[in-house]
Amino acid sequence: MQEQILHQAQQASEYETAVQHWKDRSAKAERTMVQMKQVLEHLLCDRKDPTTPLPSQVDAAISELSKTYLPDSLELTQAQHAGTSN
């Protein structure tokens with residue numbers, strides 16, 4: 001009985017550690033996205049001709065950040081677009 005209680009306590013501690021890990025990762029991703037949004041808004045506001053495409057470096061950076069921080073939602077978005085193009 002005592003072993004079972006100790007095992008459950010250890011398992012609860014592991015769950016708490018995992019939850020904290022994902023909370024930290026989520027907070028970091030959110031901060032990065034806020035920073036990226038601010039940079040993009042600044043970049044777009046400073047453009048003389050809004051119809052001009054973004055420089056390739058900016059486009060590549062957006063793609064790379066999207067893959068790094070939003071892999072699941074990026075795949076979901078791509079799947080949704082594929083479904084609507086039929």
# chains A, B, ... in the order shown; residues from 1 in each chain; ligands from 1
$ select_by_dssp --residues "segment 15-59 of chain A" --states "helix (DSSP H, G or I)" --output "PyMOL selection string"
chain A and resi 15-46+56-59
$ atom_distance --atom1 "atom CA of Ala61 of chain A" --atom2 "atom CA of Glu30 of chain A"
16.4 Å
$ closest_residue --among "A:Met36, A:Cys45, A:Leu6, A:Leu54" --to "Ser66 of chain A" --atoms "only C-alpha atoms"
A:Met36
$ atom_distance --atom1 "atom CA of Gln20 of chain A" --atom2 "atom CA of Lys37 of chain A"
25.5 Å
$ atom_distance --atom1 "atom CA of His42 of chain A" --atom2 "atom CA of Ser56 of chain A"
16.9 Å
